[in-house]
Amino acid sequence: MTDYLSRLNPEQREAVQAVDGPLLVLAGAGTGKTRVLTARFAHILLTNRAFPGQVLAVTFTNKAAREMRERVGAILGRPAEGLWLGTFHAICARMLRRHADLVGLTSSFNILDADDQLRLLKQVMEAARLDTKRWAPPALMAAIQRWKDRGLTPARVTPADDTDFANGRARELYAAYQDRLRTLNTADFGDLLLHMTEILRTRSDVLEQYHRSFRYILVDEYQDTNQVQYLWLRLLAQARRNICCVGDDDQSIYSWRGAEVENILRFEQDFPGARIVRLESNYRSTAPILATAAGLIAHNEGRLGKTLRPGLNDSTGEKVAVVALWDSDEEARMVGDRMETLARSGHTLAEMAVLVRAGFQTRAFEERLITLGLPYRVVGGLRFYERAEIRDAIAYMRILHQPADDLAFERIVNLPRRGIGEQALRGMHDIARAQAIPLAAAAAVMVEVGGLRGKAREAIATLLAGFVRWRESLPLRGHVETVAAMLDESGYTEMWRQDKSAEAPGRLENLKELVRALADFDTLAGFLDHVSLVMENEENVAADRVSLMTLHAAKGLEFDTVFLPGWEEGVFPNQRSMDESGLKGLEEERRLAYVGITRARRRAIISHAANRRIYANWQASIPSRFLDELPDEQVARSGSAALQRDRMIAAPGVFPGQFPMAARRPKVTEIWESPARAARADAIEVGSRVFHQKFGYGTVTGSDDDRLDVAFDTSGSKRVLDRFVERA
DNA sequence: AGTGGGACGCTTTTT
DNA sequence: GCGTCCCACT
């Protein structure tokens, strides 16, 4: 038997060799999912069933794609090239470049990041004379994204899908936003899939072309696919039906982004005759860790059902620790101390991680680690390309590449300062709209007709002449040199050199790094795609550092020691998740907990604090219900018994939000009876008398959603969040 | 045109 | 506690 097959267990081998026809691989955490996927990919190639370009392999993250590429290459013994392997978004972008004209774009369209999307939408809303104070652009953005997740173009949105946002104008605004994107020759993230799916749905010739070329389809993390991704896959797979989806319904944690576990639960119906292979031997974690995770996830309903078995020989291993602490400071201290102890006994820092529910929680641990002098890294913080200087530089490149990109132009027209203020910009917009030309062209008109004077006029003329020159230079001197010249000649790098702030040198360094990275690409277009779709924090991964990250970011990773702090009601499970999605939300939180525990190879330390500092003030909290769901015999509970969950639940007079112990300790500055919860429990109706911390007493005159209009006795009429008032 | 102060609103997860 | 937005001042 060939090498790559002999290293697999029987189930894994089955999943690799069942090449033809639909196959669903249910792969529990740590059961060798990636190994199966890559072996299957290599198997298809090595048995000459397809050429590299005839296999489509989609992943969810760039990291997974990279890893798959490397491992396929390793099996093949040569770099894997010419593959259709990447994230849904990257692959769709690549396809869409070929067919851009079918959706009214040109193949050089730019991809907008979240920031640009929001700015554009806000402009659209303002143009529609909507009060963006009353109707928050992010809320509409979310609605639009959900539509896109479901494969709904504006034309496909039915009244039933509509929201009551802006008095039913959401659809109209969505259409206007899409028009704007098209005019600017840009696509947002969701468009990549939406447009491509729309093309495959409506153009049978294009669909057939892909049916011919893709003989086999591999899909990673199938449980995370949303509806449009599902549609896209089904369209591509429907002719040959050689589709293999790998996933784990217990690790579905992206429903808030439109992912539908139903996709995986429904696989057999979608592809009749599908084979299902379960991978249940876990090679990652100790028996107690697996049993703890299993005990927890068993509380979820509607699972496909898998039982993780310890696949490692030694089934010993320490129990999962559950530590009760007084407050979040003490919790950070506990984590830091244990890390130090482990480090002293020879454990590397890189094998330790702190996994938190929400990004802001990392801060407390960062501070502690700084005090202790333990090096750490925050995974998934600000991405490289999200930094201001990188986005600026990219905006320059985007205009160079794609002159109609008004958003990019707007971003840099006054960077460095060129004396362009609100008025000048408004003038440009007017001309652009009147003559239906891009903003940059409008600026040129303005220079000509004398709409700008003095220094501003000169500066803009220079900038525009620069773009002409740089565009000419592109084919002659190449993109690396041209971009470097552009950043210098435009005065952009000079701007940072003049900047005396502490960050400026770092920013210049980042810019250099950006130009360096440019050299890895043949074209500017290729680089821009990479930057918006792929580029991540490229920190020295080699360094021995503790990792801090969210549970979401931890999916797919593993560490010897995993700290899971903040297991408190409201934090984890997250209150908002439960408010918005009820039981479904809670189950997703539980899956998140499951993901967290199963990241640990040898040690998992779960903790919770009775008092947590959230923003400025202290809040009492009760331990997470998940702690009750962990099997007792696998868990070692420690910390003050009085702080543990069973005691607190049993204590008389306890109701959510009130903590019996808190008052006895002086550290707590605010023992509360949250007005928030009081208000949420029963809606406040119009006409009620209410009290607001800042505005005093008043009468409710109206309400919608979580807002109240209140006529305050002394401070006038205001619109306030309902959780900031209580009944008077 | 650009800067700085103050009020306000909001705090999940991200390709 | 932070970022954003608005406004008033230079």
# chains A, B, ... in the order shown; residues from 1 in each chain; ligands from 1
>>> interface_residues(of="chain B", to="chain A", cutoff="7 Å", atoms="only C-alpha atoms (C1' of nucleotides)", output="list in words")
DA1, DT12, DT13 and DT15 of chain B
>>> interface_residues(of="chain C", to="chain A", cutoff="12 Å", atoms="only C-alpha atoms (C1' of nucleotides)", output="list of chain:residue names")
C:DG1, C:DC2, C:DC5
>>> write_last_selection(atoms="all heavy atoms", output="CSV table (one decimal), in the first residue's frame")
chain,number,residue,atom,x,y,z
C,1,DG,P,-11.9,53.2,32.6
C,1,DG,OP1,-10.9,53.0,33.6
C,1,DG,OP2,-12.3,54.5,32.1
C,1,DG,O5',-11.3,52.4,31.4
C,1,DG,C5',-11.8,51.3,30.8
C,1,DG,C4',-11.6,51.4,29.3
C,1,DG,O4',-12.8,51.5,28.7
C,1,DG,C3',-10.7,52.5,28.8
C,1,DG,O3',-9.9,52.1,27.8
C,1,DG,C2',-11.8,53.5,28.4
C,1,DG,C1',-12.9,52.7,28.0
C,1,DG,N9,-14.2,53.2,28.3
C,1,DG,C8,-14.6,54.0,29.4
C,1,DG,N7,-15.8,54.3,29.4
C,1,DG,C5,-16.4,53.8,28.3
C,1,DG,C6,-17.7,53.8,27.8
C,1,DG,O6,-18.6,54.4,28.3
C,1,DG,N1,-17.8,53.1,26.6
C,1,DG,C2,-16.8,52.5,26.0
C,1,DG,N2,-17.1,51.8,24.8
C,1,DG,N3,-15.5,52.4,26.4
C,1,DG,C4,-15.4,53.1,27.6
C,2,DC,P,-9.1,52.9,26.8
C,2,DC,OP1,-7.9,52.1,26.5
C,2,DC,OP2,-8.9,54.3,27.3
C,2,DC,O5',-10.0,53.0,25.5
C,2,DC,C5',-10.3,51.8,24.8
C,2,DC,C4',-11.2,52.1,23.7
C,2,DC,O4',-12.5,52.6,24.2
C,2,DC,C3',-10.7,53.2,22.8
C,2,DC,O3',-10.4,52.7,21.5
C,2,DC,C2',-11.8,54.3,22.7
C,2,DC,C1',-13.0,53.6,23.4
C,2,DC,N1,-13.8,54.5,24.2
C,2,DC,C2,-15.1,54.7,23.9
C,2,DC,O2,-15.6,54.1,23.0
C,2,DC,N3,-15.9,55.5,24.7
C,2,DC,C4,-15.3,56.2,25.7
C,2,DC,N4,-16.1,57.0,26.5
C,2,DC,C5,-13.9,56.0,26.0
C,2,DC,C6,-13.2,55.2,25.3
C,5,DC,P,-18.3,58.6,12.4
C,5,DC,OP1,-19.2,57.9,11.6
C,5,DC,OP2,-17.0,59.0,11.9
C,5,DC,O5',-19.1,59.8,13.1
C,5,DC,C5',-20.2,59.6,13.9
C,5,DC,C4',-20.5,61.0,14.5
C,5,DC,O4',-19.6,61.3,15.6
C,5,DC,C3',-20.5,62.1,13.5
C,5,DC,O3',-21.7,62.9,13.6
C,5,DC,C2',-19.2,62.9,14.0
C,5,DC,C1',-19.2,62.6,15.5
C,5,DC,N1,-17.8,62.7,16.0
C,5,DC,C2,-17.6,63.3,17.3
C,5,DC,O2,-18.6,63.7,17.9
C,5,DC,N3,-16.4,63.3,17.8
C,5,DC,C4,-15.3,62.9,17.1
C,5,DC,N4,-14.1,63.0,17.7
C,5,DC,C5,-15.5,62.3,15.8
C,5,DC,C6,-16.7,62.2,15.3
>>> select_by_dssp(residues="stretch 106-348 of chain A", states="helix (DSSP H, G or I)", output="number ranges by chain")
A: 114-127, 137-149, 154-156, 159-161, 165-168, 170-183, 189-202, 204-213, 222-224, 227-237, 249-251, 255-257, 262-265, 267-270, 287-297, 328-344
>>> closest_residue(among="A:Gln209, A:Asn282, A:Ser547, A:Thr106", to="A:Leu374", atoms="only C-alpha atoms")
A:Ser547
>>> residues_around(residues="B:DG4", least_positions_apart="4", cutoff="12 Å", atoms="only C-alpha atoms (C1' of nucleotides)", output="PyMOL selection string")
chain C and resi 6-10
>>> write_last_selection(atoms="all heavy atoms", output="CSV table (one decimal), in the first residue's frame")
chain,number,residue,atom,x,y,z
C,6,DC,P,-21.9,64.0,12.5
C,6,DC,OP1,-23.3,63.7,11.9
C,6,DC,OP2,-20.8,64.1,11.6
C,6,DC,O5',-22.0,65.3,13.4
C,6,DC,C5',-22.7,65.3,14.6
C,6,DC,C4',-22.3,66.4,15.4
C,6,DC,O4',-20.9,66.1,15.9
C,6,DC,C3',-22.2,67.7,14.7
C,6,DC,O3',-22.9,68.7,15.3
C,6,DC,C2',-20.7,68.1,14.6
C,6,DC,C1',-20.2,67.3,15.9
C,6,DC,N1,-18.7,66.9,15.8
C,6,DC,C2,-17.9,67.2,16.8
C,6,DC,O2,-18.3,67.8,17.8
C,6,DC,N3,-16.6,66.8,16.7
C,6,DC,C4,-16.1,66.2,15.6
C,6,DC,N4,-14.8,65.8,15.6
C,6,DC,C5,-17.0,65.9,14.5
C,6,DC,C6,-18.3,66.3,14.6
C,7,DC,P,-23.3,70.1,14.6
C,7,DC,OP1,-24.7,70.3,14.8
C,7,DC,OP2,-22.7,70.1,13.2
C,7,DC,O5',-22.5,71.1,15.5
C,7,DC,C5',-22.5,71.0,16.9
C,7,DC,C4',-21.3,71.7,17.5
C,7,DC,O4',-20.1,71.0,17.2
C,7,DC,C3',-21.1,73.1,16.8
C,7,DC,O3',-20.9,74.1,17.8
C,7,DC,C2',-19.8,72.9,16.0
C,7,DC,C1',-19.0,71.9,16.7
C,7,DC,N1,-18.1,71.1,15.9
C,7,DC,C2,-16.8,70.8,16.5
C,7,DC,O2,-16.5,71.3,17.6
C,7,DC,N3,-15.9,70.2,15.7
C,7,DC,C4,-16.2,69.7,14.5
C,7,DC,N4,-15.3,69.0,13.8
C,7,DC,C5,-17.5,70.0,13.9
C,7,DC,C6,-18.4,70.7,14.7
C,8,DA,P,-21.1,75.6,17.5
C,8,DA,OP1,-22.5,75.9,17.9
C,8,DA,OP2,-20.7,75.9,16.1
C,8,DA,O5',-20.1,76.3,18.5
C,8,DA,C5',-19.5,75.5,19.6
C,8,DA,C4',-18.0,75.9,19.6
C,8,DA,O4',-17.3,75.0,18.8
C,8,DA,C3',-17.7,77.3,19.2
C,8,DA,O3',-16.7,77.8,20.0
C,8,DA,C2',-17.1,77.1,17.8
C,8,DA,C1',-16.4,75.7,18.0
C,8,DA,N9,-16.2,75.0,16.7
C,8,DA,C8,-17.0,74.8,15.7
C,8,DA,N7,-16.5,74.1,14.7
C,8,DA,C5,-15.3,73.8,15.1
C,8,DA,C6,-14.2,73.0,14.6
C,8,DA,N6,-14.3,72.4,13.4
C,8,DA,N1,-13.1,72.8,15.3
C,8,DA,C2,-13.0,73.4,16.5
C,8,DA,N3,-13.9,74.2,17.1
C,8,DA,C4,-15.0,74.3,16.4
C,9,DC,P,-16.4,79.4,20.1
C,9,DC,OP1,-16.8,79.8,21.4
C,9,DC,OP2,-17.0,80.0,18.9
C,9,DC,O5',-14.8,79.4,19.9
C,9,DC,C5',-14.0,78.4,20.7
C,9,DC,C4',-12.8,78.2,19.9
C,9,DC,O4',-13.1,77.4,18.7
C,9,DC,C3',-12.0,79.4,19.4
C,9,DC,O3',-10.7,79.4,19.9
C,9,DC,C2',-12.1,79.3,17.9
C,9,DC,C1',-12.2,77.8,17.6
C,9,DC,N1,-12.8,77.4,16.3
C,9,DC,C2,-12.1,76.6,15.5
C,9,DC,O2,-11.0,76.2,15.8
C,9,DC,N3,-12.6,76.3,14.3
C,9,DC,C4,-13.8,76.7,13.9
C,9,DC,N4,-14.3,76.3,12.7
C,9,DC,C5,-14.6,77.6,14.8
C,9,DC,C6,-14.1,77.9,16.0
C,10,DT,P,-9.8,80.7,19.9
C,10,DT,OP1,-9.1,80.7,21.2
C,10,DT,OP2,-10.7,81.8,19.4
C,10,DT,O5',-8.8,80.4,18.7
C,10,DT,C5',-7.8,79.4,18.9
C,10,DT,C4',-7.1,79.1,17.6
C,10,DT,O4',-8.2,78.7,16.7
C,10,DT,C3',-6.4,80.3,16.9
C,10,DT,O3',-5.0,79.9,16.8
C,10,DT,C2',-7.1,80.5,15.6
C,10,DT,C1',-7.8,79.1,15.4
C,10,DT,N1,-9.0,79.2,14.5
C,10,DT,C2,-9.1,78.4,13.4
C,10,DT,O2,-8.1,77.7,13.0
C,10,DT,N3,-10.2,78.5,12.7
C,10,DT,C4,-11.3,79.3,13.0
C,10,DT,O4,-12.3,79.3,12.2
C,10,DT,C5,-11.2,80.1,14.2
C,10,DT,C7,-12.3,81.0,14.6
C,10,DT,C6,-10.1,80.0,14.9
>>> residues_around(residues="A:Arg201", least_positions_apart="5", cutoff="9 Å", atoms="only C-alpha atoms (C1' of nucleotides)", output="PDB file with all heavy atoms, in the first residue's frame")
ATOM      1  N   MET A 196     -21.110  35.259  -8.580  1.00  0.00           N
ATOM      2  CA  MET A 196     -20.723  34.007  -9.221  1.00  0.00           C
ATOM      3  C   MET A 196     -21.884  33.023  -9.229  1.00  0.00           C
ATOM      4  O   MET A 196     -22.123  32.327 -10.214  1.00  0.00           O
ATOM      5  CB  MET A 196     -19.518  33.413  -8.478  1.00  0.00           C
ATOM      6  CG  MET A 196     -18.320  33.049  -9.329  1.00  0.00           C
ATOM      7  SD  MET A 196     -18.233  33.665 -10.988  1.00  0.00           S
ATOM      8  CE  MET A 196     -18.626  32.199 -11.911  1.00  0.00           C
ATOM      9  N   LEU A 207     -21.870  27.535 -16.658  1.00  0.00           N
ATOM     10  CA  LEU A 207     -21.964  26.411 -15.731  1.00  0.00           C
ATOM     11  C   LEU A 207     -21.380  25.148 -16.359  1.00  0.00           C
ATOM     12  O   LEU A 207     -20.585  24.436 -15.730  1.00  0.00           O
ATOM     13  CB  LEU A 207     -23.422  26.184 -15.326  1.00  0.00           C
ATOM     14  CG  LEU A 207     -23.678  25.081 -14.301  1.00  0.00           C
ATOM     15  CD1 LEU A 207     -22.957  25.376 -12.991  1.00  0.00           C
ATOM     16  CD2 LEU A 207     -25.176  24.922 -14.036  1.00  0.00           C
ATOM     17  N   LEU A 231     -25.428  26.872  -2.480  1.00  0.00           N
ATOM     18  CA  LEU A 231     -25.990  26.922  -3.833  1.00  0.00           C
ATOM     19  C   LEU A 231     -24.887  26.821  -4.871  1.00  0.00           C
ATOM     20  O   LEU A 231     -24.984  26.087  -5.852  1.00  0.00           O
ATOM     21  CB  LEU A 231     -26.748  28.240  -4.039  1.00  0.00           C
ATOM     22  CG  LEU A 231     -28.102  28.358  -3.358  1.00  0.00           C
ATOM     23  CD1 LEU A 231     -28.610  29.802  -3.448  1.00  0.00           C
ATOM     24  CD2 LEU A 231     -29.100  27.406  -4.014  1.00  0.00           C
ATOM     25  N   TRP A 232     -23.859  27.561  -4.633  1.00  0.00           N
ATOM     26  CA  TRP A 232     -22.719  27.600  -5.537  1.00  0.00           C
ATOM     27  C   TRP A 232     -22.120  26.197  -5.693  1.00  0.00           C
ATOM     28  O   TRP A 232     -21.878  25.721  -6.802  1.00  0.00           O
ATOM     29  CB  TRP A 232     -21.706  28.587  -4.949  1.00  0.00           C
ATOM     30  CG  TRP A 232     -20.446  28.831  -5.701  1.00  0.00           C
ATOM     31  CD1 TRP A 232     -20.267  29.671  -6.758  1.00  0.00           C
ATOM     32  CD2 TRP A 232     -19.168  28.260  -5.411  1.00  0.00           C
ATOM     33  NE1 TRP A 232     -18.947  29.655  -7.137  1.00  0.00           N
ATOM     34  CE2 TRP A 232     -18.256  28.809  -6.337  1.00  0.00           C
ATOM     35  CE3 TRP A 232     -18.697  27.357  -4.463  1.00  0.00           C
ATOM     36  CZ2 TRP A 232     -16.905  28.463  -6.342  1.00  0.00           C
ATOM     37  CZ3 TRP A 232     -17.355  27.013  -4.464  1.00  0.00           C
ATOM     38  CH2 TRP A 232     -16.467  27.561  -5.405  1.00  0.00           C
ATOM     39  N   LEU A 235     -24.537  23.796  -7.543  1.00  0.00           N
ATOM     40  CA  LEU A 235     -24.534  24.035  -8.978  1.00  0.00           C
ATOM     41  C   LEU A 235     -23.319  23.401  -9.631  1.00  0.00           C
ATOM     42  O   LEU A 235     -23.420  22.749 -10.666  1.00  0.00           O
ATOM     43  CB  LEU A 235     -24.550  25.545  -9.255  1.00  0.00           C
ATOM     44  CG  LEU A 235     -25.889  26.256  -9.062  1.00  0.00           C
ATOM     45  CD1 LEU A 235     -25.678  27.753  -8.901  1.00  0.00           C
ATOM     46  CD2 LEU A 235     -26.804  25.967 -10.252  1.00  0.00           C
TER      47      LEU A 235
END
>>> atom_distance(atom1="atom CA of A:Thr523", atom2="atom CA of A:Ile199")
26.2 Å
>>> closest_residue(among="A:Ile460, A:Leu45, A:Ala139, A:Leu279", to="A:Leu8", atoms="only C-alpha atoms")
A:Leu279
>>> residues_around(residues="C:DT4", least_positions_apart="4", cutoff="12 Å", atoms="only C-alpha atoms (C1' of nucleotides)", output="list in words")
DG6, DA7, DC8, DG9 and DC10 of chain B
>>> atom_distance(atom1="atom CA of A:Met352", atom2="atom CA of A:Ser607")
15.3 Å
>>> atom_distance(atom1="atom CA of A:Glu472", atom2="atom CA of A:Gly451")
27.0 Å
>>> closest_residue(among="A:Asn48, A:Gln435, A:Thr132, A:Ser621", to="A:Phe572", atoms="only C-alpha atoms")
A:Ser621
>>> select_by_dssp(residues="stretch 522-572 of chain A", states="strand (DSSP E or B)", output="VMD selection string")
chain A and resid 546 to 550 559 to 564 568 570 to 571
>>> write_last_selection(atoms="N, CA, C and O atoms", output="PDB file, in the first residue's frame")
ATOM      1  N   VAL A 546       3.157  32.821  24.094  1.00  0.00           N
ATOM      2  CA  VAL A 546       1.817  32.393  24.455  1.00  0.00           C
ATOM      3  C   VAL A 546       0.843  32.965  23.426  1.00  0.00           C
ATOM      4  O   VAL A 546       1.044  34.074  22.950  1.00  0.00           O
ATOM      5  N   SER A 547      -0.192  32.237  23.088  1.00  0.00           N
ATOM      6  CA  SER A 547      -1.187  32.751  22.152  1.00  0.00           C
ATOM      7  C   SER A 547      -2.452  33.174  22.874  1.00  0.00           C
ATOM      8  O   SER A 547      -2.950  32.464  23.734  1.00  0.00           O
ATOM      9  N   LEU A 548      -2.945  34.335  22.511  1.00  0.00           N
ATOM     10  CA  LEU A 548      -4.232  34.804  23.011  1.00  0.00           C
ATOM     11  C   LEU A 548      -5.154  34.964  21.819  1.00  0.00           C
ATOM     12  O   LEU A 548      -4.779  35.577  20.830  1.00  0.00           O
ATOM     13  N   MET A 549      -6.336  34.411  21.906  1.00  0.00           N
ATOM     14  CA  MET A 549      -7.256  34.582  20.777  1.00  0.00           C
ATOM     15  C   MET A 549      -8.684  34.248  21.177  1.00  0.00           C
ATOM     16  O   MET A 549      -8.941  33.731  22.257  1.00  0.00           O
ATOM     17  N   THR A 550      -9.582  34.557  20.265  1.00  0.00           N
ATOM     18  CA  THR A 550     -10.975  34.197  20.502  1.00  0.00           C
ATOM     19  C   THR A 550     -11.156  32.716  20.189  1.00  0.00           C
ATOM     20  O   THR A 550     -10.349  32.116  19.479  1.00  0.00           O
ATOM     21  N   PHE A 559      -3.235  23.011  21.129  1.00  0.00           N
ATOM     22  CA  PHE A 559      -2.159  23.379  22.044  1.00  0.00           C
ATOM     23  C   PHE A 559      -2.091  22.334  23.150  1.00  0.00           C
ATOM     24  O   PHE A 559      -3.100  21.720  23.490  1.00  0.00           O
ATOM     25  N   ASP A 560      -0.920  22.170  23.725  1.00  0.00           N
ATOM     26  CA  ASP A 560      -0.817  21.267  24.868  1.00  0.00           C
ATOM     27  C   ASP A 560      -1.709  21.752  25.999  1.00  0.00           C
ATOM     28  O   ASP A 560      -2.462  21.005  26.594  1.00  0.00           O
ATOM     29  N   THR A 561      -1.578  23.031  26.299  1.00  0.00           N
ATOM     30  CA  THR A 561      -2.320  23.599  27.417  1.00  0.00           C
ATOM     31  C   THR A 561      -3.251  24.700  26.924  1.00  0.00           C
ATOM     32  O   THR A 561      -2.818  25.610  26.221  1.00  0.00           O
ATOM     33  N   VAL A 562      -4.499  24.593  27.304  1.00  0.00           N
ATOM     34  CA  VAL A 562      -5.468  25.594  26.887  1.00  0.00           C
ATOM     35  C   VAL A 562      -6.168  26.175  28.111  1.00  0.00           C
ATOM     36  O   VAL A 562      -6.679  25.438  28.953  1.00  0.00           O
ATOM     37  N   PHE A 563      -6.151  27.485  28.218  1.00  0.00           N
ATOM     38  CA  PHE A 563      -6.875  28.175  29.279  1.00  0.00           C
ATOM     39  C   PHE A 563      -8.182  28.704  28.711  1.00  0.00           C
ATOM     40  O   PHE A 563      -8.194  29.330  27.642  1.00  0.00           O
ATOM     41  N   LEU A 564      -9.254  28.440  29.422  1.00  0.00           N
ATOM     42  CA  LEU A 564     -10.571  28.884  28.965  1.00  0.00           C
ATOM     43  C   LEU A 564     -11.218  29.729  30.062  1.00  0.00           C
ATOM     44  O   LEU A 564     -12.021  29.239  30.843  1.00  0.00           O
ATOM     45  N   GLU A 568     -18.781  32.509  32.412  1.00  0.00           N
ATOM     46  CA  GLU A 568     -19.818  33.087  33.255  1.00  0.00           C
ATOM     47  C   GLU A 568     -21.032  33.392  32.407  1.00  0.00           C
ATOM     48  O   GLU A 568     -20.905  33.738  31.239  1.00  0.00           O
ATOM     49  N   GLY A 570     -23.735  35.157  30.535  1.00  0.00           N
ATOM     50  CA  GLY A 570     -23.711  36.474  29.922  1.00  0.00           C
ATOM     51  C   GLY A 570     -22.461  36.686  29.095  1.00  0.00           C
ATOM     52  O   GLY A 570     -22.504  37.275  28.029  1.00  0.00           O
ATOM     53  N   VAL A 571     -21.336  36.201  29.622  1.00  0.00           N
ATOM     54  CA  VAL A 571     -20.094  36.283  28.857  1.00  0.00           C
ATOM     55  C   VAL A 571     -19.981  35.035  27.987  1.00  0.00           C
ATOM     56  O   VAL A 571     -19.793  35.102  26.774  1.00  0.00           O
TER      57      VAL A 571
END
